[in-house]
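Novice: Can you read through this structure? Questions will come right after.
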Number of protein chains: 2
Amino acid sequence: MAESTQVSPFAATPEPPYFAVIFTSLRRGGDDGYGEMARRMFDLALEQPGCLGAESARDASGFGLTVAYFASEEAIAAWRNHADHRIAQELGRTRWYKHYELRVARVERAYSGPEGR
Amino acid sequence: MAESTQVSPFAATPEPPYFAVIFTSLRRGGDDGYGEMARRMFDLALEQPGCLGAESARDASGFGLTVAYFASEEAIAAWRNHADHRIAQELGRTRWYKHYELRVARVERAYSGPEGR
């Protein structure tokens with residue numbers, strides 16, 4: 001995962017329901033400022049009101065998933081419109097990503113392990 | 001992503017609504033049969049009725065995310081109870097994972113890029 005103010009790679013989410021923003025992306029080659037911005041945006045997301053945590057992994061092929069969890073649709077909208085995040089989104093479109101998919105979902109139930117379900 | 005019968009690392013999902021099973025996990029060290037089973041389960045999931053695709057990445061720290069997309073809750077339940085998948089789940093709990101989180105969510109909207117939103 002990205003280095004972060006969130007100590008664990010796992011998001012300590014509350015009981016559902018809450019929302020998940022699932023961002024899947026394939027990077028272009030080269031860093032081109034991406035690594036630093038990715039870390040900044042991960043930490044900035046965590047600071048937003050209503051953000052419940054985030055989880056992220058990218059493999060050696062440049063394919064990655066980030067899921068950020070939010071308490072409400074309003075919190076998602078505020079993060080989407082955050083000025084610094086807007087700049088990062090534009091750089092993502094024009095410079096960093098070959099392709100991405102973004103899905104907004106409502107988490108209905110959750111389990112953890114290995115200690116049973 | 002895992003090598004797979006799905007050619008692209010991206011799932012070609014239809015218009016929402018549909019369901020997402022978000023599986024986040026931290027591996028123990030060593031392979032111990034994990035790599036082969038992970039590829040088998042990824043491909044087997046894609047063959048299940050109602051499976052719409054899957055996306056997966058694991059980083060060098062052993063932290064990974066896999067999101068599998070399904071048309072219905074019934075399709076999720078059938079995959080959870082698949083005999084081969086049951087064996088893999090048990091090995092995951094006893095052998096492969098330090099920790100995992102599993103969340104079931106209903107995808108409400110989706111976008112892709114870089115070509116606009």
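In the structure tokens, each chain is lettered A, B, ... as it comes, each chain's residues begin at 1, and ligands are numbered from 1 in order of appearance.
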Using only C-alpha atoms, find each residue of chain A with at least one atom at most 6 Å away from an atom of chain B; report its shortest atom-to-atom pair and that distance in Å (one decimal), sort the rows by chain and rising residue number, and return the result as a tab-separated table.

Specialist:
residue	atom	partner	partner_atom	distance
A:Ala57	CA	B:Asp59	CA	5.5
A:Arg58	CA	B:Asp59	CA	5.4
A:Asp59	CA	B:Asp59	CA	4.8
A:Gly64	CA	B:Ala57	CA	5.6
A:Arg93	CA	B:Pro114	CA	4.5
A:His99	CA	B:Gly113	CA	5.6
A:Tyr100	CA	B:Gly113	CA	5.3
A:Glu101	CA	B:Ser112	CA	4.3
A:Leu102	CA	B:Tyr111	CA	5.1
A:Arg103	CA	B:Ala110	CA	4.3
A:Val104	CA	B:Arg109	CA	5.5
A:Ala105	CA	B:Val107	CA	3.9
A:Arg106	CA	B:Ala105	CA	5.1
A:Val107	CA	B:Ala105	CA	3.9
A:Glu108	CA	B:Ala105	CA	5.4
A:Arg109	CA	B:Val104	CA	5.5
A:Ala110	CA	B:Arg103	CA	4.3
A:Tyr111	CA	B:Leu102	CA	5.1
A:Ser112	CA	B:Glu101	CA	4.4
A:Gly113	CA	B:Tyr100	CA	5.3
A:Pro114	CA	B:Arg93	CA	4.6

Novice: Could you give me the residues within region 68-99 of chain A that DSSP places in strand (DSSP E or B), as a ChimeraX atom specification?

Specialist: /A:68-70,97-99

Novice: Could you jot down the CA of Pro49 (chain A) to CA of Asp84 (chain A) separation for me, Å, one decimal place?

Specialist: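 Separation between CA of Pro49 (chain A) and CA of Asp84 (chain A): 15.3 Å.
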
Novice: Quick one: residues within 10 Å of Pro14 (chain B), only C-alpha atoms, excluding same-chain residues fewer than 6 positions away - as a PyMOL selection string?

Specialist: chain B and resi 52-53+69+71+110

Novice: Would you mind telling me which residue in A:Glu15, A:Ala83, A:Asp31, A:Ile76 lies nearest to Gln48 (chain A) when using only C-alpha atoms?

Specialist: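 Ranked by minimum distance to Gln48 (chain A), first place goes to A:Ile76.
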
Novice: Return as a ChimeraX atom specification the full set of residues in chain B whose backbone-based DSSP assignment is helix (DSSP H, G or I).

Specialist: /B:34-47,73-80,83-96

Novice: One number please: CA of Gly33 (chain A) to CA of Ala45 (chain A), in Å, one decimal.

Specialist: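 These atoms are spaced 18.2 Å apart.
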
Novice: Quick check, in Å to one decimal: how far apart do CA of Arg86 (chain A) and CA of Ser72 (chain A) lie?

Specialist: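 Computing the Euclidean distance for CA of Arg86 (chain A) and CA of Ser72 (chain A) yields 19.6 Å.
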